[in-house]
file start_9.cif (mmCIF, C-alpha atoms and all ligand atoms; chains and numbers go by the auth columns)
data_run
loop_
_atom_site.group_PDB
_atom_site.id
_atom_site.type_symbol
_atom_site.label_atom_id
_atom_site.label_comp_id
_atom_site.label_asym_id
_atom_site.label_seq_id
_atom_site.Cartn_x
_atom_site.Cartn_y
_atom_site.Cartn_z
_atom_site.B_iso_or_equiv
_atom_site.auth_seq_id
_atom_site.auth_asym_id
ATOM 1 C CA MET A 1 23.441 2.215 15.595 0.00 13 B
ATOM 2 C CA ASN A 2 19.754 1.705 16.325 0.00 14 B
ATOM 3 C CA TYR A 3 17.554 0.316 13.538 0.00 15 B
ATOM 4 C CA LYS A 4 15.698 3.639 13.611 0.00 16 B
ATOM 5 C CA ASP A 5 18.813 5.372 12.246 0.00 17 B
ATOM 6 C CA PHE A 6 18.622 3.137 9.160 0.00 18 B
ATOM 7 C CA LEU A 7 14.857 3.525 8.926 0.00 19 B
ATOM 8 C CA PHE A 8 14.828 7.339 9.041 0.00 20 B
ATOM 9 C CA GLU A 9 17.879 7.567 6.786 0.00 21 B
ATOM 10 C CA LYS A 10 15.878 5.932 3.962 0.00 22 B
ATOM 11 C CA PHE A 11 12.415 7.168 4.934 0.00 23 B
ATOM 12 C CA PRO A 12 12.810 10.469 6.837 0.00 24 B
ATOM 13 C CA ASN A 13 9.061 11.202 6.955 0.00 25 B
ATOM 14 C CA ALA A 14 8.065 7.821 8.445 0.00 26 B
ATOM 15 C CA ILE A 15 5.592 7.952 11.321 0.00 27 B
ATOM 16 C CA THR A 16 3.896 5.137 13.170 0.00 28 B
ATOM 17 C CA GLU A 17 1.084 3.549 11.249 0.00 29 B
ATOM 18 C CA ARG A 18 -1.378 4.422 14.011 0.00 30 B
ATOM 19 C CA GLU A 19 -0.371 8.089 13.776 0.00 31 B
ATOM 20 C CA PHE A 20 -0.630 7.932 9.966 0.00 32 B
ATOM 21 C CA VAL A 21 -4.193 6.618 9.949 0.00 33 B
ATOM 22 C CA ARG A 22 -5.310 8.995 12.706 0.00 34 B
ATOM 23 C CA LYS A 23 -3.745 11.953 10.906 0.00 35 B
ATOM 24 C CA SER A 24 -5.373 11.014 7.594 0.00 36 B
ATOM 25 C CA HIS A 25 -8.756 10.892 9.330 0.00 37 B
ATOM 26 C CA ASN A 26 -8.235 14.300 10.937 0.00 38 B
ATOM 27 C CA LEU A 27 -6.918 15.950 7.766 0.00 39 B
ATOM 28 C CA LEU A 28 -9.747 14.622 5.609 0.00 40 B
ATOM 29 C CA ALA A 29 -12.464 15.933 7.931 0.00 41 B
ATOM 30 C CA GLN A 30 -11.961 19.427 6.458 0.00 42 B
ATOM 31 C CA TRP A 31 -13.048 18.072 3.044 0.00 43 B
ATOM 32 C CA GLY A 32 -16.160 16.357 4.357 0.00 44 B
ATOM 33 C CA PHE A 33 -14.827 12.794 4.714 0.00 45 B
ATOM 34 C CA ARG A 34 -16.287 11.168 7.829 0.00 46 B
ATOM 35 C CA ASP A 35 -16.520 7.554 8.897 0.00 47 B
ATOM 36 C CA GLU A 36 -20.289 7.430 8.314 0.00 48 B
ATOM 37 C CA ASN A 37 -20.189 8.836 4.753 0.00 49 B
ATOM 38 C CA THR A 38 -16.992 7.209 3.410 0.00 50 B
ATOM 39 C CA ILE A 39 -15.949 3.709 2.365 0.00 51 B
ATOM 40 C CA ALA A 40 -12.321 2.794 2.996 0.00 52 B
ATOM 41 C CA CYS A 41 -10.331 0.580 0.637 0.00 53 B
ATOM 42 C CA VAL A 42 -6.968 -0.923 1.520 0.00 54 B
ATOM 43 C CA CYS A 43 -4.284 -2.187 -0.834 0.00 55 B
ATOM 44 C CA CYS A 44 -1.636 -3.881 1.310 0.00 56 B
ATOM 45 C CA CYS A 45 0.013 -7.320 1.333 0.00 57 B
ATOM 46 C CA ARG A 46 -1.761 -10.447 2.566 0.00 58 B
ATOM 47 C CA ASP A 47 1.078 -10.953 5.070 0.00 59 B
ATOM 48 C CA GLU A 48 -0.203 -11.119 8.652 0.00 60 B
ATOM 49 C CA ILE A 49 2.319 -8.479 9.719 0.00 61 B
ATOM 50 C CA SER A 50 0.677 -6.072 7.268 0.00 62 B
ATOM 51 C CA GLN A 51 -2.804 -6.523 8.695 0.00 63 B
ATOM 52 C CA THR A 52 -2.318 -3.789 11.273 0.00 64 B
ATOM 53 C CA LEU A 53 -3.161 -1.304 8.498 0.00 65 B
ATOM 54 C CA PRO A 54 -6.651 -2.645 7.646 0.00 66 B
ATOM 55 C CA ILE A 55 -7.331 -3.046 11.370 0.00 67 B
ATOM 56 C CA LEU A 56 -6.388 0.570 12.142 0.00 68 B
ATOM 57 C CA VAL A 57 -8.357 1.744 9.104 0.00 69 B
ATOM 58 C CA ARG A 58 -11.378 -0.264 10.242 0.00 70 B
ATOM 59 C CA ASP A 59 -11.163 1.282 13.718 0.00 71 B
ATOM 60 C CA VAL A 60 -11.334 4.764 12.210 0.00 72 B
ATOM 61 C CA TRP A 61 -13.452 4.390 9.030 0.00 73 B
ATOM 62 C CA GLY A 62 -15.327 1.106 9.503 0.00 74 B
ATOM 63 C CA GLU A 63 -14.838 -2.178 7.610 0.00 75 B
ATOM 64 C CA ALA A 64 -12.552 -1.727 4.600 0.00 76 B
ATOM 65 C CA PHE A 65 -12.648 -3.281 1.122 0.00 77 B
ATOM 66 C CA ASN A 66 -9.493 -5.287 0.332 0.00 78 B
ATOM 67 C CA LEU A 67 -8.045 -4.547 -3.117 0.00 79 B
ATOM 68 C CA ALA A 68 -4.736 -6.379 -2.887 0.00 80 B
ATOM 69 C CA GLY A 69 -2.973 -9.689 -2.946 0.00 81 B
ATOM 70 C CA LEU A 70 0.688 -10.608 -2.531 0.00 82 B
ATOM 71 C CA ALA A 71 3.023 -7.636 -2.031 0.00 83 B
ATOM 72 C CA GLY A 72 0.040 -5.290 -1.887 0.00 84 B
ATOM 73 C CA LEU A 73 -0.271 -5.273 -5.670 0.00 85 B
ATOM 74 C CA PHE A 74 -3.657 -4.307 -7.071 0.00 86 B
ATOM 75 C CA SER A 75 -4.797 -7.845 -7.836 0.00 87 B
ATOM 76 C CA ALA A 76 -8.525 -7.129 -7.282 0.00 88 B
ATOM 77 C CA GLY A 77 -8.284 -5.216 -10.558 0.00 89 B
ATOM 78 C CA ARG A 78 -10.959 -3.092 -12.184 0.00 90 B
ATOM 79 C CA THR A 79 -13.699 -5.584 -11.257 0.00 91 B
ATOM 80 C CA GLY A 80 -12.779 -5.426 -7.571 0.00 92 B
ATOM 81 C CA LEU A 81 -12.436 -1.658 -7.642 0.00 93 B
ATOM 82 C CA ASN A 82 -15.782 -1.258 -9.369 0.00 94 B
ATOM 83 C CA ALA A 83 -17.444 -3.453 -6.743 0.00 95 B
ATOM 84 C CA CYS A 84 -15.903 -1.376 -3.974 0.00 96 B
ATOM 85 C CA LEU A 85 -17.132 1.884 -5.537 0.00 97 B
ATOM 86 C CA HIS A 86 -20.659 0.499 -5.635 0.00 98 B
ATOM 87 C CA HIS A 87 -20.515 -0.183 -1.885 0.00 99 B
ATOM 88 C CA SER A 88 -20.018 3.465 -0.930 0.00 100 B
ATOM 89 C CA PRO A 89 -22.481 5.288 1.304 0.00 101 B
ATOM 90 C CA HIS A 90 -24.572 7.979 -0.436 0.00 102 B
ATOM 91 C CA GLN A 91 -24.819 11.059 1.723 0.00 103 B
ATOM 92 C CA GLU A 92 -25.253 14.770 1.045 0.00 104 B
ATOM 93 C CA GLY A 93 -25.623 13.896 -2.653 0.00 105 B
ATOM 94 C CA LYS A 94 -22.127 12.371 -2.805 0.00 106 B
ATOM 95 C CA GLU A 95 -20.196 9.134 -2.632 0.00 107 B
ATOM 96 C CA ARG A 96 -16.855 9.200 -0.836 0.00 108 B
ATOM 97 C CA TYR A 97 -13.975 6.741 -0.971 0.00 109 B
ATOM 98 C CA ILE A 98 -10.600 6.666 0.687 0.00 110 B
ATOM 99 C CA PHE A 99 -7.776 4.473 -0.617 0.00 111 B
ATOM 100 C CA TYR A 100 -4.751 3.373 1.408 0.00 112 B
ATOM 101 C CA VAL A 101 -1.987 1.906 -0.751 0.00 113 B
ATOM 102 C CA ALA A 102 1.007 0.415 1.041 0.00 114 B
ATOM 103 C CA PRO A 103 3.408 -2.312 -0.072 0.00 115 B
ATOM 104 C CA HIS A 104 5.721 -3.309 2.774 0.00 116 B
ATOM 105 C CA ILE A 105 9.299 -4.023 3.782 0.00 117 B
ATOM 106 C CA GLY A 106 10.736 -5.314 7.035 0.00 118 B
ATOM 107 C CA ILE A 107 13.694 -4.027 9.008 0.00 119 B
ATOM 108 C CA ASP A 108 15.348 -5.939 11.840 0.00 120 B
ATOM 109 C CA ARG A 109 17.053 -4.715 15.021 0.00 121 B
ATOM 110 C CA ASP A 110 20.388 -4.424 13.207 0.00 122 B
ATOM 111 C CA GLY A 111 18.872 -2.308 10.421 0.00 123 B
ATOM 112 C CA ASN A 112 18.820 -5.076 7.789 0.00 124 B
ATOM 113 C CA TRP A 113 16.093 -4.419 5.223 0.00 125 B
ATOM 114 C CA GLY A 114 13.761 -7.248 4.233 0.00 126 B
ATOM 115 C CA SER A 115 14.168 -9.109 7.508 0.00 127 B
ATOM 116 C CA VAL A 116 11.691 -9.528 10.400 0.00 128 B
ATOM 117 C CA LYS A 117 11.268 -11.669 13.494 0.00 129 B
ATOM 118 C CA ARG A 118 7.758 -13.126 13.583 0.00 130 B
ATOM 119 C CA LYS A 119 5.681 -14.114 16.579 0.00 131 B
ATOM 120 C CA GLY A 120 6.785 -17.431 18.072 0.00 132 B
ATOM 121 C CA GLN A 121 9.741 -17.866 15.708 0.00 133 B
ATOM 122 C CA HIS A 122 13.401 -17.978 16.759 0.00 134 B
ATOM 123 C CA PHE A 123 14.760 -17.089 13.329 0.00 135 B
ATOM 124 C CA ASP A 124 14.332 -14.148 10.964 0.00 136 B
ATOM 125 C CA SER A 125 12.134 -14.356 7.902 0.00 137 B
ATOM 126 C CA THR A 126 11.624 -12.194 4.815 0.00 138 B
ATOM 127 C CA SER A 127 9.291 -9.218 4.457 0.00 139 B
ATOM 128 C CA CYS A 128 7.839 -8.768 1.939 0.00 140 B
ATOM 129 C CA GLY A 129 8.258 -12.502 1.259 0.00 141 B
ATOM 130 C CA ALA A 130 6.833 -12.266 -2.281 0.00 142 B
ATOM 131 C CA LEU A 131 9.048 -9.310 -3.237 0.00 143 B
ATOM 132 C CA CYS A 132 12.081 -11.014 -1.657 0.00 144 B
ATOM 133 C CA ALA A 133 11.347 -14.179 -3.688 0.00 145 B
ATOM 134 C CA PHE A 134 11.152 -12.100 -6.881 0.00 146 B
ATOM 135 C CA PHE A 135 14.303 -10.210 -5.875 0.00 147 B
ATOM 136 C CA LYS A 136 16.146 -13.545 -5.498 0.00 148 B
ATOM 137 C CA GLU A 137 15.009 -14.601 -8.984 0.00 149 B
ATOM 138 C CA ILE A 138 16.332 -11.306 -10.398 0.00 150 B
ATOM 139 C CA VAL A 139 19.692 -11.612 -8.631 0.00 151 B
ATOM 140 C CA GLU A 140 20.106 -15.219 -9.742 0.00 152 B
ATOM 141 C CA GLY A 141 18.958 -14.391 -13.287 0.00 153 B
ATOM 142 C CA LYS A 142 16.232 -17.042 -13.093 0.00 154 B
ATOM 143 C CA ILE A 143 12.941 -15.188 -13.450 0.00 155 B
ATOM 144 C CA LYS A 144 10.005 -17.538 -13.948 0.00 156 B
ATOM 145 C CA THR A 145 7.797 -16.199 -16.727 0.00 157 B
ATOM 146 C CA ALA A 146 5.362 -19.112 -17.196 0.00 158 B
ATOM 147 C CA ILE A 147 1.784 -18.526 -16.032 0.00 159 B
ATOM 148 C CA ASP A 148 0.897 -20.919 -13.225 0.00 160 B
ATOM 149 C CA GLU A 149 -2.845 -20.759 -12.626 0.00 161 B
ATOM 150 C CA ARG A 150 -2.308 -22.079 -9.105 0.00 162 B
ATOM 151 C CA ASP A 151 0.053 -19.218 -8.273 0.00 163 B
ATOM 152 C CA LEU A 152 -1.580 -16.337 -10.121 0.00 164 B
ATOM 153 C CA GLU A 153 -0.745 -13.500 -7.735 0.00 165 B
ATOM 154 C CA MET A 154 2.978 -14.255 -7.903 0.00 166 B
ATOM 155 C CA CYS A 155 2.786 -14.499 -11.713 0.00 167 B
ATOM 156 C CA TYR A 156 1.006 -11.142 -11.820 0.00 168 B
ATOM 157 C CA LEU A 157 3.640 -9.626 -9.529 0.00 169 B
ATOM 158 C CA ARG A 158 6.457 -10.712 -11.862 0.00 170 B
ATOM 159 C CA ILE A 159 4.683 -9.591 -15.049 0.00 171 B
ATOM 160 C CA ARG A 160 3.645 -6.203 -13.679 0.00 172 B
ATOM 161 C CA LEU A 161 6.996 -5.377 -12.098 0.00 173 B
ATOM 162 C CA LEU A 162 8.990 -6.547 -15.107 0.00 174 B
ATOM 163 C CA ARG A 163 7.096 -3.990 -17.182 0.00 175 B
ATOM 164 C CA LYS A 164 8.190 -1.287 -14.739 0.00 176 B
ATOM 165 C CA LEU A 165 11.836 -2.128 -14.048 0.00 177 B
ATOM 166 C CA SER A 166 14.457 -0.776 -16.404 0.00 178 B
ATOM 167 C CA PHE A 167 17.279 -3.228 -15.561 0.00 179 B
ATOM 168 C CA SER A 168 19.877 -0.580 -16.278 0.00 180 B
ATOM 169 C CA HIS A 169 21.038 -1.907 -12.902 0.00 181 B
ATOM 170 C CA VAL A 170 19.865 -4.659 -10.559 0.00 182 B
ATOM 171 C CA PRO A 171 17.367 -3.028 -8.170 0.00 183 B
ATOM 172 C CA ASP A 172 17.806 -3.480 -4.446 0.00 184 B
ATOM 173 C CA LEU A 173 14.898 -4.528 -2.248 0.00 185 B
ATOM 174 C CA ILE A 174 13.941 -0.963 -1.337 0.00 186 B
ATOM 175 C CA GLU A 175 13.868 0.004 -5.021 0.00 187 B
ATOM 176 C CA LEU A 176 11.751 -3.051 -5.760 0.00 188 B
ATOM 177 C CA THR A 177 9.312 -2.070 -2.980 0.00 189 B
ATOM 178 C CA LEU A 178 9.123 1.472 -4.365 0.00 190 B
ATOM 179 C CA ALA A 179 8.441 0.000 -7.828 0.00 191 B
ATOM 180 C CA ALA A 180 5.612 -2.104 -6.334 0.00 192 B
ATOM 181 C CA HIS A 181 4.192 1.106 -4.866 0.00 193 B
ATOM 182 C CA GLU A 182 4.498 2.908 -8.175 0.00 194 B
ATOM 183 C CA VAL A 183 2.768 0.278 -10.327 0.00 195 B
ATOM 184 C CA THR A 184 -0.054 -0.145 -7.813 0.00 196 B
ATOM 185 C CA LEU A 185 -0.644 3.571 -7.707 0.00 197 B
ATOM 186 C CA GLU A 186 -0.458 3.903 -11.507 0.00 198 B
ATOM 187 C CA ASP A 187 -3.068 1.184 -12.018 0.00 199 B
ATOM 188 C CA ILE A 188 -5.463 2.384 -9.323 0.00 200 B
ATOM 189 C CA GLU A 189 -5.250 6.035 -10.386 0.00 201 B
ATOM 190 C CA ASP A 190 -5.766 5.079 -14.017 0.00 202 B
ATOM 191 C CA ASP A 191 -8.887 3.066 -13.176 0.00 203 B
ATOM 192 C CA LEU A 192 -10.210 5.750 -10.833 0.00 204 B
ATOM 193 C CA GLN A 193 -9.966 8.288 -13.604 0.00 205 B
ATOM 194 C CA ARG A 194 -12.121 6.066 -15.811 0.00 206 B
ATOM 195 C CA LEU A 195 -14.619 5.018 -13.151 0.00 207 B
ATOM 196 C CA ILE A 196 -15.227 8.079 -10.989 0.00 208 B
ATOM 197 C CA ASP A 197 -17.497 10.951 -11.917 0.00 209 B
ATOM 198 C CA PRO A 198 -16.080 13.955 -9.989 0.00 210 B
ATOM 199 C CA GLN A 199 -19.552 15.520 -9.831 0.00 211 B
ATOM 200 C CA LYS A 200 -20.918 12.492 -7.992 0.00 212 B
ATOM 201 C CA ALA A 201 -17.978 11.328 -5.906 0.00 213 B
ATOM 202 C CA ASP A 202 -14.995 12.616 -3.923 0.00 214 B
ATOM 203 C CA PHE A 203 -12.047 10.434 -3.046 0.00 215 B
ATOM 204 C CA ALA A 204 -8.784 10.531 -1.154 0.00 216 B
ATOM 205 C CA LEU A 205 -5.656 8.539 -1.836 0.00 217 B
ATOM 206 C CA LEU A 206 -2.909 7.964 0.718 0.00 218 B
ATOM 207 C CA SER A 207 0.041 5.858 -0.236 0.00 219 B
ATOM 208 C CA GLY A 208 3.467 4.955 0.972 0.00 220 B
ATOM 209 C CA ILE A 209 5.640 2.155 2.268 0.00 221 B
ATOM 210 C CA GLN A 210 4.605 0.160 5.306 0.00 222 B
ATOM 211 C CA ILE A 211 7.726 -0.616 7.322 0.00 223 B
ATOM 212 C CA ASN A 212 7.588 -3.650 9.617 0.00 224 B
ATOM 213 C CA ALA A 213 9.963 -2.629 12.403 0.00 225 B
ATOM 214 C CA PRO A 214 10.811 -4.549 15.607 0.00 226 B
ATOM 215 C CA ASP A 215 8.622 -2.354 17.841 0.00 227 B
ATOM 216 C CA THR A 216 5.733 -1.392 15.536 0.00 228 B
ATOM 217 C CA ASN A 217 4.753 -0.749 11.932 0.00 229 B
ATOM 218 C CA TYR A 218 5.618 2.624 10.401 0.00 230 B
ATOM 219 C CA MET A 219 4.308 4.371 7.298 0.00 231 B
ATOM 220 C CA ALA A 220 6.474 6.498 5.027 0.00 232 B
ATOM 221 C CA THR A 221 4.007 8.603 3.062 0.00 233 B
ATOM 222 C CA LEU A 222 4.714 9.075 -0.640 0.00 234 B
ATOM 223 C CA LYS A 223 1.435 10.514 -1.887 0.00 235 B
ATOM 224 C CA ALA A 224 -1.509 12.026 -0.007 0.00 236 B
ATOM 225 C CA TYR A 225 -4.286 13.978 -1.658 0.00 237 B
ATOM 226 C CA ALA A 226 -8.038 14.322 -1.912 0.00 238 B
ATOM 227 C CA MET A 227 -10.121 15.009 -5.011 0.00 239 B
ATOM 228 C CA VAL A 228 -13.023 17.219 -3.937 0.00 240 B
ATOM 229 C CA ASN A 229 -15.516 18.256 -6.639 0.00 241 B
ATOM 230 C CA GLY A 230 -12.805 17.360 -9.146 0.00 242 B
ATOM 231 C CA VAL A 231 -10.228 19.669 -7.516 0.00 243 B
ATOM 232 C CA ARG A 232 -7.063 18.194 -6.062 0.00 244 B
ATOM 233 C CA LYS A 233 -6.199 19.059 -2.440 0.00 245 B
ATOM 234 C CA GLU A 234 -2.794 18.012 -1.121 0.00 246 B
ATOM 235 C CA LEU A 235 -2.660 16.595 2.409 0.00 247 B
ATOM 236 C CA ASP A 236 0.282 17.655 4.528 0.00 248 B
ATOM 237 C CA PHE A 237 2.081 14.524 5.710 0.00 249 B
ATOM 238 C CA VAL A 238 5.624 15.920 5.827 0.00 250 B
HETATM 239 ZN ZN ZN B . 4.255 -9.180 1.557 0.00 301 K
#
call {"tool": "encode", "arguments": {"input": "start_9.cif", "output": "C-alpha cells"}}
result
Amino acid sequence: MNYKDFLFEKFPNAITEREFVRKSHNLLAQWGFRDENTIACVCCCRDEISQTLPILVRDVWGEAFNLAGLAGLFSAGRTGLNACLHHSPHQEGKERYIFYVAPHIGIDRDGNWGSVKRKGQHFDSTSCGALCAFFKEIVEGKIKTAIDERDLEMCYLRIRLLRKLSFSHVPDLIELTLAAHEVTLEDIEDDLQRLIDPQKADFALLSGIQINAPDTNYMATLKAYAMVNGVRKELDFV
C-alpha cells in the first residue's frame, strides 16, 4: 500500500497545501477579500516542516502575523490576536482578516503516522514533535504538570489539552492532533467574538490538519467560513 492510501483513509478531503491556499484565496474573492485589503494570520507549529503554510500564505496574501507556538497552539493569546487585528488594512470602510489554523502530523512512506524524514537526516523523526512528546507522557502515565518558565509553550500545551481530553480511553496521535485543532479553534473563535465588531470588520477562518507527507504537505480542511457583515458564509472545501 502507498502512504496515500493511509492518508486519504483518515483524511479523505485532503488536498495539497498549495491547492488549499490558492483555493481559499479564490473562494474568498467573492466576499471582497483581496490581498491588498486583508491581513493574514497563521496559527501553525514552529516546526520548519510546517513553514510551507506561512510561506504559501505570504505569497498569496502578503506577510502574515504568527499566532502560534509549539504544535500550532494559540500561544500568542488575546494580546497577540489584538495586535494582529490592529495591523489590518482599512479599505472600503472595513477591516478584513483571514485566519489559517493548522496543527500538524507527519506520515512516512509506509503510512506510519507521526513519523517524517527530514532534510539531511538518515533516520525518521517525530511530527509533531511536541504532540508526540505529550503523547508519550500520556502513554507512560507520566504527565509533567509543573510550570517551567523556561519551557512555557510545552507547559501550555499540556494544560490546555488536558482540559480537553476526556481520558475515557487513551487517545492516539491523530486524536491528539484533532484535539489540538479543536482547542485552538475554540480559543481563537471565542476571542474573535469578543474583539471583532461585525459592522467594522469581516473575517474568514480556515482550519484543518497539516499533513507532512513524503512528497509534499497536504491540508485536510475541517472548518472553512467567512463572516461578512456579521453573516456566516460557508466555503466549499469538500
Ligand atoms: Zn509541531
call {"tool": "residues_around", "arguments": {"input": "start_9.cif", "residues": "Leu169 of chain B", "least_positions_apart": "6", "cutoff": "8 Å", "atoms": "only C-alpha atoms", "output": "PyMOL selection string"}}
result
chain B and resi 82-83+85
call {"tool": "resolve_selection", "arguments": {"input": "start_9.cif", "expression": "the PyMOL selection byres (((not hetatm)) within 10 of (chain K and resi 301))", "output": "number ranges by chain"}}
result
B: 56-62, 81-85, 115-118, 138-144, 189
call {"tool": "write_last_selection", "arguments": {"input": "start_9.cif", "atoms": "C-alpha atoms", "output": "short mmCIF file (atom, residue, chain, number, x, y, z; two decimals), in the coordinates of the input"}}
result
data_model
loop_
_atom_site.label_atom_id
_atom_site.label_comp_id
_atom_site.auth_asym_id
_atom_site.auth_seq_id
_atom_site.Cartn_x
_atom_site.Cartn_y
_atom_site.Cartn_z
CA CYS B 56 -1.64 -3.88 1.31
CA CYS B 57 0.01 -7.32 1.33
CA ARG B 58 -1.76 -10.45 2.57
CA ASP B 59 1.08 -10.95 5.07
CA GLU B 60 -0.20 -11.12 8.65
CA ILE B 61 2.32 -8.48 9.72
CA SER B 62 0.68 -6.07 7.27
CA GLY B 81 -2.97 -9.69 -2.95
CA LEU B 82 0.69 -10.61 -2.53
CA ALA B 83 3.02 -7.64 -2.03
CA GLY B 84 0.04 -5.29 -1.89
CA LEU B 85 -0.27 -5.27 -5.67
CA PRO B 115 3.41 -2.31 -0.07
CA HIS B 116 5.72 -3.31 2.77
CA ILE B 117 9.30 -4.02 3.78
CA GLY B 118 10.74 -5.31 7.04
CA THR B 138 11.62 -12.19 4.82
CA SER B 139 9.29 -9.22 4.46
CA CYS B 140 7.84 -8.77 1.94
CA GLY B 141 8.26 -12.50 1.26
CA ALA B 142 6.83 -12.27 -2.28
CA LEU B 143 9.05 -9.31 -3.24
CA CYS B 144 12.08 -11.01 -1.66
CA THR B 189 9.31 -2.07 -2.98
#
call {"tool": "residues_around", "arguments": {"input": "start_9.cif", "residues": "Ser137 of chain B", "least_positions_apart": "2", "cutoff": "9 Å", "atoms": "all atoms listed in the file", "output": "PyMOL selection string"}}
result
chain B and resi 126-130+133+135+139+141
call {"tool": "residues_near_point", "arguments": {"input": "start_9.cif", "point": "(-6.3, 1.3, 4.2)", "cutoff": "10 Å", "atoms": "all atoms listed in the file", "output": "ChimeraX atom specification"}}
result
/B:33,52-56,63-70,73,75-79,110-114,217-219
call {"tool": "resolve_selection", "arguments": {"input": "start_9.cif", "expression": "the PyMOL selection byres (((chain B and resi 228) around 12) and not hetatm)", "output": "PyMOL selection string"}}
result
chain B and resi 16+26-31+61-62+64-65+118-121+128-129+222-227+229-231
call {"tool": "write_last_selection", "arguments": {"input": "start_9.cif", "atoms": "C-alpha atoms", "output": "JSON list (two decimals), in the frame of the given file"}}
result
[["chain", "number", "residue", "atom", "x", "y", "z"],
["B", 16, "LYS", "CA", 15.70, 3.64, 13.61],
["B", 26, "ALA", "CA", 8.06, 7.82, 8.44],
["B", 27, "ILE", "CA", 5.59, 7.95, 11.32],
["B", 28, "THR", "CA", 3.90, 5.14, 13.17],
["B", 29, "GLU", "CA", 1.08, 3.55, 11.25],
["B", 30, "ARG", "CA", -1.38, 4.42, 14.01],
["B", 31, "GLU", "CA", -0.37, 8.09, 13.78],
["B", 61, "ILE", "CA", 2.32, -8.48, 9.72],
["B", 62, "SER", "CA", 0.68, -6.07, 7.27],
["B", 64, "THR", "CA", -2.32, -3.79, 11.27],
["B", 65, "LEU", "CA", -3.16, -1.30, 8.50],
["B", 118, "GLY", "CA", 10.74, -5.31, 7.04],
["B", 119, "ILE", "CA", 13.69, -4.03, 9.01],
["B", 120, "ASP", "CA", 15.35, -5.94, 11.84],
["B", 121, "ARG", "CA", 17.05, -4.72, 15.02],
["B", 128, "VAL", "CA", 11.69, -9.53, 10.40],
["B", 129, "LYS", "CA", 11.27, -11.67, 13.49],
["B", 222, "GLN", "CA", 4.61, 0.16, 5.31],
["B", 223, "ILE", "CA", 7.73, -0.62, 7.32],
["B", 224, "ASN", "CA", 7.59, -3.65, 9.62],
["B", 225, "ALA", "CA", 9.96, -2.63, 12.40],
["B", 226, "PRO", "CA", 10.81, -4.55, 15.61],
["B", 227, "ASP", "CA", 8.62, -2.35, 17.84],
["B", 229, "ASN", "CA", 4.75, -0.75, 11.93],
["B", 230, "TYR", "CA", 5.62, 2.62, 10.40],
["B", 231, "MET", "CA", 4.31, 4.37, 7.30]]
call {"tool": "closest_residue", "arguments": {"input": "start_9.cif", "among": "B:Ala216, B:Leu19, B:Leu190, B:Ala88", "to": "Leu164 of chain B", "atoms": "only C-alpha atoms"}}
result
B:Ala88
call {"tool": "resolve_selection", "arguments": {"input": "start_9.cif", "expression": "the PyMOL selection byres (((chain B and resi 213) around 8) and not hetatm)", "output": "mmCIF file with C-alpha atoms, keeping the file's coordinate frame"}}
result
data_model
loop_
_atom_site.group_PDB
_atom_site.id
_atom_site.type_symbol
_atom_site.label_atom_id
_atom_site.label_comp_id
_atom_site.auth_asym_id
_atom_site.auth_seq_id
_atom_site.Cartn_x
_atom_site.Cartn_y
_atom_site.Cartn_z
ATOM 1 C CA LYS B 106 -22.127 12.371 -2.805
ATOM 2 C CA GLU B 107 -20.196 9.134 -2.632
ATOM 3 C CA ARG B 108 -16.855 9.200 -0.836
ATOM 4 C CA TYR B 109 -13.975 6.741 -0.971
ATOM 5 C CA ILE B 208 -15.227 8.079 -10.989
ATOM 6 C CA ASP B 209 -17.497 10.951 -11.917
ATOM 7 C CA PRO B 210 -16.080 13.955 -9.989
ATOM 8 C CA GLN B 211 -19.552 15.520 -9.831
ATOM 9 C CA LYS B 212 -20.918 12.492 -7.992
ATOM 10 C CA ASP B 214 -14.995 12.616 -3.923
ATOM 11 C CA PHE B 215 -12.047 10.434 -3.046
ATOM 12 C CA VAL B 240 -13.023 17.219 -3.937
ATOM 13 C CA ASN B 241 -15.516 18.256 -6.639
#
call {"tool": "closest_residue", "arguments": {"input": "start_9.cif", "among": "B:Ala158, B:Phe23, B:Asn14, B:His102", "to": "Glu48 of chain B", "atoms": "all atoms listed in the file"}}
result
B:His102
call {"tool": "atom_distance", "arguments": {"input": "start_9.cif", "atom1": "atom CA of Lys35 of chain B", "atom2": "atom CA of Leu197 of chain B"}}
result
20.6 Å
call {"tool": "atom_distance", "arguments": {"input": "start_9.cif", "atom1": "atom CA of Lys235 of chain B", "atom2": "atom CA of Ala80 of chain B"}}
result
18.0 Å
call {"tool": "residues_near_point", "arguments": {"input": "start_9.cif", "point": "(-2.2, -8.0, -10.1)", "cutoff": "6 Å", "atoms": "all atoms listed in the file", "output": "MDAnalysis selection string"}}
result
chainID B and resid 85:87 168
call {"tool": "atom_distance", "arguments": {"input": "start_9.cif", "atom1": "atom CA of Met13 of chain B", "atom2": "atom CA of Asp122 of chain B"}}
result
7.7 Å
call {"tool": "build_atoms", "arguments": {"input": "start_9.cif", "residues": "segment 45-51 of chain B", "atoms": "N, CA and C atoms", "output": "mmCIF file, in the coordinates of the input"}}
result
data_model
loop_
_atom_site.group_PDB
_atom_site.id
_atom_site.type_symbol
_atom_site.label_atom_id
_atom_site.label_comp_id
_atom_site.auth_asym_id
_atom_site.auth_seq_id
_atom_site.Cartn_x
_atom_site.Cartn_y
_atom_site.Cartn_z
ATOM 1 N N PHE B 45 -14.912 14.251 4.582
ATOM 2 C CA PHE B 45 -14.827 12.794 4.714
ATOM 3 C C PHE B 45 -15.005 12.419 6.189
ATOM 4 N N ARG B 46 -16.058 11.644 6.468
ATOM 5 C CA ARG B 46 -16.287 11.168 7.829
ATOM 6 C C ARG B 46 -16.536 9.665 7.775
ATOM 7 N N ASP B 47 -16.380 9.010 8.924
ATOM 8 C CA ASP B 47 -16.520 7.554 8.897
ATOM 9 C C ASP B 47 -17.899 7.118 8.392
ATOM 10 N N GLU B 48 -18.945 7.881 8.701
ATOM 11 C CA GLU B 48 -20.289 7.430 8.314
ATOM 12 C C GLU B 48 -20.626 7.695 6.845
ATOM 13 N N ASN B 49 -19.841 8.552 6.159
ATOM 14 C CA ASN B 49 -20.189 8.836 4.753
ATOM 15 C C ASN B 49 -19.119 8.372 3.768
ATOM 16 N N THR B 50 -18.143 7.580 4.242
ATOM 17 C CA THR B 50 -16.992 7.209 3.410
ATOM 18 C C THR B 50 -16.740 5.703 3.488
ATOM 19 N N ILE B 51 -16.396 5.102 2.340
ATOM 20 C CA ILE B 51 -15.949 3.709 2.365
ATOM 21 C C ILE B 51 -14.427 3.705 2.239
#
